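A.B. asks: To be precise about what I am sending: the file is called start_20.txt and holds compact mmCIF, C-alpha atoms and all ligand atoms.
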```txt
# COMPACT_ATOMS: atom_id res chain seq x y z
CA MET A 1 196.68 73.29 235.17
CA THR A 2 197.18 77.03 234.59
CA VAL A 3 200.40 78.01 232.82
CA ILE A 4 201.93 81.17 234.23
CA VAL A 5 204.98 82.86 232.73
CA ALA A 6 207.69 84.24 235.00
CA ALA A 7 209.08 86.90 232.67
CA THR A 8 212.70 86.42 233.61
CA ALA A 9 215.76 85.08 231.84
CA ASN A 10 217.61 84.93 235.17
CA SER A 11 217.68 81.21 236.03
CA HIS A 12 218.49 81.93 239.70
CA LYS A 13 215.38 84.06 240.13
CA PHE A 14 213.37 81.40 238.32
CA GLU A 15 214.63 78.63 240.65
CA GLU A 16 213.61 80.71 243.66
CA TYR A 17 210.13 81.27 242.19
CA LYS A 18 209.74 77.58 241.39
CA ALA A 19 210.53 76.67 244.99
CA LEU A 20 208.26 79.40 246.36
CA LEU A 21 205.35 78.44 244.10
CA GLY A 22 205.90 74.68 244.34
CA SER A 23 202.67 74.03 246.20
CA GLU A 24 200.50 76.29 244.04
CA ASP A 25 198.35 74.76 241.32
CA VAL A 26 200.31 76.31 238.45
CA GLU A 27 202.84 75.27 235.83
CA LEU A 28 205.56 77.87 235.76
CA HIS A 29 207.36 78.79 232.54
CA SER A 30 210.27 81.22 232.23
CA LEU A 31 211.46 83.22 229.24
CA LEU A 32 213.92 80.38 228.61
CA ASP A 33 210.83 78.43 227.40
CA TYR A 34 210.28 81.14 224.74
CA PRO A 35 213.63 81.22 222.89
CA GLY A 36 212.14 83.42 220.12
CA TYR A 37 211.50 86.22 222.60
CA THR A 38 214.10 88.89 223.31
CA ALA A 39 213.37 91.17 226.26
CA ALA A 40 213.58 94.90 225.48
CA PRO A 41 216.30 96.94 227.21
CA GLU A 42 215.18 98.23 230.62
CA THR A 43 214.48 101.96 230.26
CA GLY A 44 212.42 102.70 233.40
CA THR A 45 213.65 104.89 236.24
CA THR A 46 212.11 102.79 239.03
CA PHE A 47 211.84 99.08 239.88
CA LYS A 48 208.09 99.45 239.41
CA GLU A 49 208.33 100.88 235.89
CA ASN A 50 210.80 98.21 234.80
CA ALA A 51 208.77 95.37 236.33
CA ALA A 52 205.58 96.63 234.65
CA GLN A 53 207.30 96.96 231.27
CA LYS A 54 208.86 93.49 231.48
CA ALA A 55 205.53 91.90 232.50
CA LEU A 56 203.54 93.69 229.79
CA ASP A 57 205.93 92.92 226.93
CA ALA A 58 206.23 89.24 227.85
CA CYS A 59 202.47 88.89 228.43
CA LYS A 60 201.75 90.23 224.94
CA TYR A 61 204.29 87.85 223.41
CA CYS A 62 203.42 84.70 225.40
CA ASP A 63 199.66 85.34 225.63
CA ARG A 64 199.56 83.92 229.16
CA PRO A 65 199.15 85.43 232.62
CA THR A 66 202.64 86.75 233.32
CA PHE A 67 204.59 88.23 236.16
CA ALA A 68 207.94 89.99 236.08
CA ASP A 69 210.45 90.81 238.79
CA ASP A 70 212.65 93.87 238.81
CA SER A 71 214.98 93.83 241.76
CA GLY A 72 218.28 95.07 243.08
CA LEU A 73 220.48 96.18 245.94
CA GLU A 74 220.23 99.68 247.41
CA VAL A 75 223.25 100.74 249.48
CA THR A 76 222.49 103.72 251.73
CA ALA A 77 226.01 105.27 251.69
CA LEU A 78 226.08 105.04 247.88
CA ASN A 79 222.90 107.10 247.48
CA ASN A 80 221.02 103.81 247.01
CA ALA A 81 223.22 102.63 244.13
CA PRO A 82 223.36 100.22 242.37
CA GLY A 83 219.51 100.11 242.68
CA ILE A 84 217.83 99.55 239.31
CA TYR A 85 221.30 99.26 237.75
CA SER A 86 222.22 96.23 239.90
CA ALA A 87 222.44 93.84 236.93
CA ARG A 88 224.48 96.40 234.95
CA TYR A 89 226.99 97.49 237.65
CA GLY A 90 229.90 95.46 236.26
CA LYS A 91 230.70 92.69 233.81
CA ASP A 92 229.85 89.75 236.11
CA ASP A 93 228.78 89.05 239.70
CA ALA A 94 232.37 89.19 241.07
CA ASP A 95 233.06 92.48 239.31
CA ARG A 96 229.79 94.01 240.57
CA ILE A 97 230.50 92.85 244.14
CA ASN A 98 234.05 94.27 244.01
CA ARG A 99 232.75 97.59 242.77
CA VAL A 100 230.30 97.89 245.68
CA LEU A 101 233.02 96.93 248.20
CA ARG A 102 235.46 99.41 246.67
CA GLU A 103 232.93 102.23 246.70
CA LEU A 104 232.10 101.48 250.36
CA GLU A 105 235.75 101.58 251.51
CA GLY A 106 236.15 104.01 254.41
CA LYS A 107 232.39 104.52 254.86
CA SER A 108 230.97 103.67 258.27
CA ASP A 109 227.34 103.23 257.20
CA ARG A 110 227.14 99.78 255.59
CA SER A 111 223.36 99.46 255.67
CA ALA A 112 221.62 98.28 252.52
CA ARG A 113 218.44 96.65 251.34
CA PHE A 114 217.33 94.30 248.62
CA VAL A 115 214.19 95.45 246.83
CA CYS A 116 211.96 93.38 244.57
CA VAL A 117 208.93 94.62 242.65
CA ILE A 118 206.66 92.06 241.03
CA ALA A 119 204.26 93.19 238.29
CA ILE A 120 201.39 91.00 237.12
CA ALA A 121 200.04 91.32 233.57
CA ILE A 122 196.98 89.56 232.19
CA ASN A 123 195.51 89.92 228.69
CA GLY A 124 197.92 92.68 227.73
CA GLU A 125 197.27 94.78 230.84
CA VAL A 126 199.33 95.37 233.98
CA ILE A 127 196.98 94.46 236.81
CA GLU A 128 199.03 95.39 239.89
CA THR A 129 202.56 95.68 241.31
CA PHE A 130 203.89 94.49 244.69
CA GLU A 131 207.07 95.47 246.55
CA GLY A 132 209.14 93.37 248.95
CA VAL A 133 212.13 94.73 250.90
CA MET A 134 214.77 93.01 253.03
CA GLU A 135 217.04 95.27 255.10
CA GLY A 136 220.58 94.23 255.92
CA THR A 137 224.30 95.03 256.00
CA ILE A 138 227.15 94.83 253.47
CA ILE A 139 230.11 92.92 254.90
CA GLU A 140 233.81 93.58 254.10
CA ALA A 141 234.49 90.48 251.97
CA PRO A 142 232.27 87.90 250.20
CA ARG A 143 231.18 84.76 252.10
CA GLY A 144 229.24 81.72 250.85
CA GLU A 145 228.60 79.86 247.62
CA ASN A 146 224.80 79.71 247.36
CA GLY A 147 222.37 82.11 245.75
CA PHE A 148 223.45 84.63 243.12
CA GLY A 149 224.28 88.28 242.49
CA TYR A 150 225.16 90.25 245.61
CA ASP A 151 224.15 87.44 248.03
CA PRO A 152 227.76 86.79 249.24
CA ILE A 153 228.13 90.32 250.66
CA PHE A 154 224.62 90.80 252.12
CA VAL A 155 223.76 89.81 255.69
CA PRO A 156 220.01 90.17 256.25
CA GLU A 157 218.75 91.91 259.40
CA GLY A 158 218.65 89.59 262.43
CA GLU A 159 221.08 87.07 260.84
CA SER A 160 224.83 86.52 261.04
CA ARG A 161 225.17 84.60 257.76
CA THR A 162 225.04 86.08 254.27
CA PHE A 163 222.26 85.06 251.88
CA ALA A 164 224.94 83.01 250.07
CA GLU A 165 225.63 81.04 253.26
CA MET A 166 221.95 80.09 253.60
CA THR A 167 220.09 77.35 251.80
CA GLN A 168 217.61 78.44 249.16
CA GLU A 169 214.84 77.43 251.55
CA GLU A 170 216.24 79.68 254.30
CA LYS A 171 216.65 82.63 251.91
CA ASN A 172 213.11 82.05 250.61
CA GLN A 173 211.69 82.43 254.14
CA ILE A 174 212.78 86.06 254.40
CA SER A 175 213.90 87.43 251.04
CA HIS A 176 212.66 90.57 249.29
CA ARG A 177 211.42 88.25 246.49
CA ALA A 178 209.44 86.03 248.89
CA ARG A 179 207.92 89.12 250.53
CA ALA A 180 206.79 90.62 247.22
CA LEU A 181 205.41 87.25 246.09
CA LYS A 182 203.47 86.79 249.34
CA LYS A 183 201.70 90.12 248.70
CA ALA A 184 201.01 89.12 245.08
CA LEU A 185 199.53 85.76 246.14
CA GLU A 186 197.35 87.40 248.80
CA PHE A 187 196.05 89.82 246.15
CA ILE A 188 195.33 86.98 243.71
CA GLU A 189 193.51 85.01 246.39
CA ASP A 190 191.38 88.04 247.36
CA GLU A 191 190.64 89.06 243.78
CA MET A 192 190.49 85.64 242.10
CA SER A 193 186.75 85.65 241.47
CA VAL A 194 186.91 89.20 240.01
CA LEU A 195 189.95 88.32 237.86
CA ASP A 196 188.28 85.13 236.71
CA ASP A 197 185.13 86.98 235.58
CA GLU A 198 187.05 89.82 233.97
CA PHE A 199 189.74 87.78 232.20
CA ASP A 200 188.19 84.30 231.94
CA LEU A 201 191.31 82.64 233.39
P1 LIG A 301 215.50 89.55 234.34
O1 LIG A 301 215.36 91.02 234.01
O2 LIG A 301 215.50 88.65 233.13
O3 LIG A 301 214.52 89.09 235.38
P2 LIG A 301 218.01 90.38 235.59
O4 LIG A 301 219.05 89.64 236.37
O5 LIG A 301 218.49 91.29 234.48
O6 LIG A 301 216.96 89.30 235.00
P3 LIG A 301 217.05 92.67 237.08
O7 LIG A 301 217.15 93.64 235.95
O8 LIG A 301 215.83 92.71 237.97
O9 LIG A 301 217.10 91.16 236.57
O10 LIG A 301 218.37 92.83 237.96
C1 LIG A 301 218.42 92.22 239.18
C2 LIG A 301 219.86 92.21 239.68
O11 LIG A 301 219.86 92.60 241.07
C3 LIG A 301 220.41 90.80 239.64
O12 LIG A 301 221.02 90.52 238.39
C4 LIG A 301 221.37 90.79 240.83
O13 LIG A 301 222.58 91.40 240.47
C5 LIG A 301 220.63 91.71 241.82
N1 LIG A 301 219.71 90.91 242.67
C6 LIG A 301 218.35 90.90 242.63
N2 LIG A 301 217.86 90.02 243.51
C7 LIG A 301 218.91 89.45 244.11
C8 LIG A 301 219.05 88.45 245.08
O14 LIG A 301 218.01 87.81 245.58
N3 LIG A 301 220.28 88.12 245.46
C9 LIG A 301 221.37 88.74 244.95
N4 LIG A 301 221.34 89.66 244.00
C10 LIG A 301 220.11 90.02 243.58
```
Write the structure described by the file as structure tokens, please.

C.D. replies:
Amino acid sequence: MTVIVAATANSHKFEEYKALLGSEDVELHSLLDYPGYTAAPETGTTFKENAAQKALDACKYCDRPTFADDSGLEVTALNNAPGIYSARYGKDDADRINRVLRELEGKSDRSARFVCVIAIAINGEVIETFEGVMEGTIIEAPRGENGFGYDPIFVPEGESRTFAEMTQEEKNQISHRARALKKALEFIEDEMSVLDDEFDL
């Protein structure tokens, strides 16, 4: 069975990937399986740059096909903040959520989107990146216990519940992460024979 590394130390992301990839013929490791590895600080200016850097660094260290996820929440009325700074917007999830709600006070446009970019690296090379987006709305106060991060204040388009009020399975049907992964899997399926020849997977 092929071992693939999900270059994330975020256990919530990893759980979502495990569920999404459950039927694929792969054994999924996360960075928590490589305790000697410390991810470098994120210095990119886009999700794509950060995802590529995370995938490349981890691929070189783990010597396995690797993918990384850089993701975050873009709020239209906040000039798309917190964006790539989503994980660094406060000291913990509650603090980050409160900051977004505070900054949105008095603003009528509450539209937002979650963005996820997945980068795939094989043999010390970034092969491709894939973006998934889920549009939605920021509500006035958090609702729900599931998920992680900004899920309790985000209602995806066409839904009345927040991501945190949905089961993981329901979130995984429509999330930015699932959308990016679907594109990545389609690419791998289309290019598998080329990748296999080139990289001897
Ligand atoms: P890794 O870099 O180790 O993967 P991280 O949490 O630092 O973990 P990012 O730099 O990509 O990852 O930051 C993503 C942040 O964006 C995450 O910590 C949440 O605050 C937010 N976020 C991303 N996807 C989310 C989701 O599905 N639901 C809620 N919040 C999410």

A.B. asks: Give me, as a VMD selection string, all polymer residues having an atom no more than 9 Å from Gly83 of chain A, counting all atoms listed in the file and skipping those fewer than 6 positions away in the same chain.

C.D. replies: chain A and resid 46 to 47 71 to 75 114 to 115

A.B. asks: Could you tell me, counting all atoms listed in the file, which protein and nucleic acid residues lie no more than 6 Å from ligand LIG 301 (chain A), written as a PyMOL selection string?

C.D. replies: chain A and resi 8-10+69-72+86-87+148-151

A.B. asks: Could you please take those selected residues and save C-alpha atoms as a PDB file, in the frame of the given file?

C.D. replies:
```pdb
ATOM      1  CA  THR A   8     212.700  86.420 233.610  1.00  0.00           C
ATOM      2  CA  ALA A   9     215.760  85.080 231.840  1.00  0.00           C
ATOM      3  CA  ASN A  10     217.610  84.930 235.170  1.00  0.00           C
ATOM      4  CA  ASP A  69     210.450  90.810 238.790  1.00  0.00           C
ATOM      5  CA  ASP A  70     212.650  93.870 238.810  1.00  0.00           C
ATOM      6  CA  SER A  71     214.980  93.830 241.760  1.00  0.00           C
ATOM      7  CA  GLY A  72     218.280  95.070 243.080  1.00  0.00           C
ATOM      8  CA  SER A  86     222.220  96.230 239.900  1.00  0.00           C
ATOM      9  CA  ALA A  87     222.440  93.840 236.930  1.00  0.00           C
ATOM     10  CA  PHE A 148     223.450  84.630 243.120  1.00  0.00           C
ATOM     11  CA  GLY A 149     224.280  88.280 242.490  1.00  0.00           C
ATOM     12  CA  TYR A 150     225.160  90.250 245.610  1.00  0.00           C
ATOM     13  CA  ASP A 151     224.150  87.440 248.030  1.00  0.00           C
TER      14      ASP A 151
END
```

A.B. asks: From the set A:Leu101, A:Ala94, A:Ala58, A:Ala19, which residue has the shortest atom-to-atom contact distance to Leu32 of chain A, counting all atoms listed in the file?

C.D. replies: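 For Leu32 of chain A, the nearest of the candidates is A:Ala58.
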
A.B. asks: Go through A:Asp25, A:Glu42, A:Glu145, A:Asp93 and flag the residue nearest Ala55 of chain A, using only C-alpha atoms for the distances.

C.D. replies: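 For Ala55 of chain A, the nearest of the candidates is A:Glu42.
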
A.B. asks: Write out as an MDAnalysis selection string the residues lying within 9 Å of Gly132 of chain A, counting all atoms listed in the file and excluding same-chain residues fewer than 6 positions away.

C.D. replies: chainID A and resid 114:118 175:183

A.B. asks: Starting from 3 Å padding per side, set up an axis-aligned box that covers all listed atoms of segment 114-118 of chain A and hand over centre and edge lengths in Å, one decimal, as AutoDock Vina command-line options.

C.D. replies:
```
--center_x 212.0 --center_y 93.8 --center_z 244.8 --size_x 16.7 --size_y 9.4 --size_z 13.6
```

A.B. asks: Report, in Å to a single decimal, how far apart atom CA of Glu140 of chain A and atom CA of Ile97 of chain A are.

C.D. replies: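 It comes out at 10.5 Å.
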
A.B. asks: Considering only C-alpha atoms, state which residue in the set A:Ile120, A:Lys171, A:Glu27, A:Tyr37 is at the smallest distance from Leu185 of chain A.

C.D. replies: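 Using only C-alpha atoms, the shortest distance to Leu185 of chain A belongs to A:Ile120.
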
A.B. asks: Looking at only C-alpha atoms, which of A:Ala51, A:Ile4, A:Leu195, A:Val100 is the one that sits closest to Phe130 of chain A?

C.D. replies: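 Between A:Ala51, A:Ile4, A:Leu195, A:Val100, the residue approaching Phe130 of chain A most closely is A:Ala51.
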
A.B. asks: Separation of atom CA of Val26 of chain A and atom CA of Cys62 of chain A, in Å?

C.D. replies: 15.8 Å

A.B. asks: Between A:Thr162, A:Glu24, A:Ser193, A:Leu31, which one has atoms that come closest to Ser11 of chain A, using only C-alpha atoms?

C.D. replies: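 Of A:Thr162, A:Glu24, A:Ser193, A:Leu31, the one nearest Ser11 of chain A is A:Leu31, counting only C-alpha atoms.
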
A.B. asks: Given only C-alpha atoms as the basis, pick out the residue of A:Thr43, A:Gln168, A:Thr76, A:Thr66 nearest to Ser30 of chain A.

C.D. replies: A:Thr66

A.B. asks: So the first atom is atom CA of Ala81 of chain A and the second is atom CA of Ile138 of chain A; what is the distance between them in Å, to one decimal place?

C.D. replies: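 Going from atom CA of Ala81 of chain A over to atom CA of Ile138 of chain A, I get 12.8 Å.
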
A.B. asks: Need to verify the contact set: segment 158-160 of chain A, 12 Å, all atoms listed in the file, exclusion of same-chain residues closer than 2 positions in sequence. Can you return it as an MDAnalysis selection string?

C.D. replies: chainID A and resid 134:139 143 153:156 162:166 170:171 174

A.B. asks: Counting all atoms listed in the file, what is within 6 Å of Ala119 of chain A, bar same-chain residues fewer than 6 positions away, as a list in words?

C.D. replies: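 The residues that qualify are Ala51, Ala52, Phe67, Ala68, Glu128 and Thr129 of chain A.
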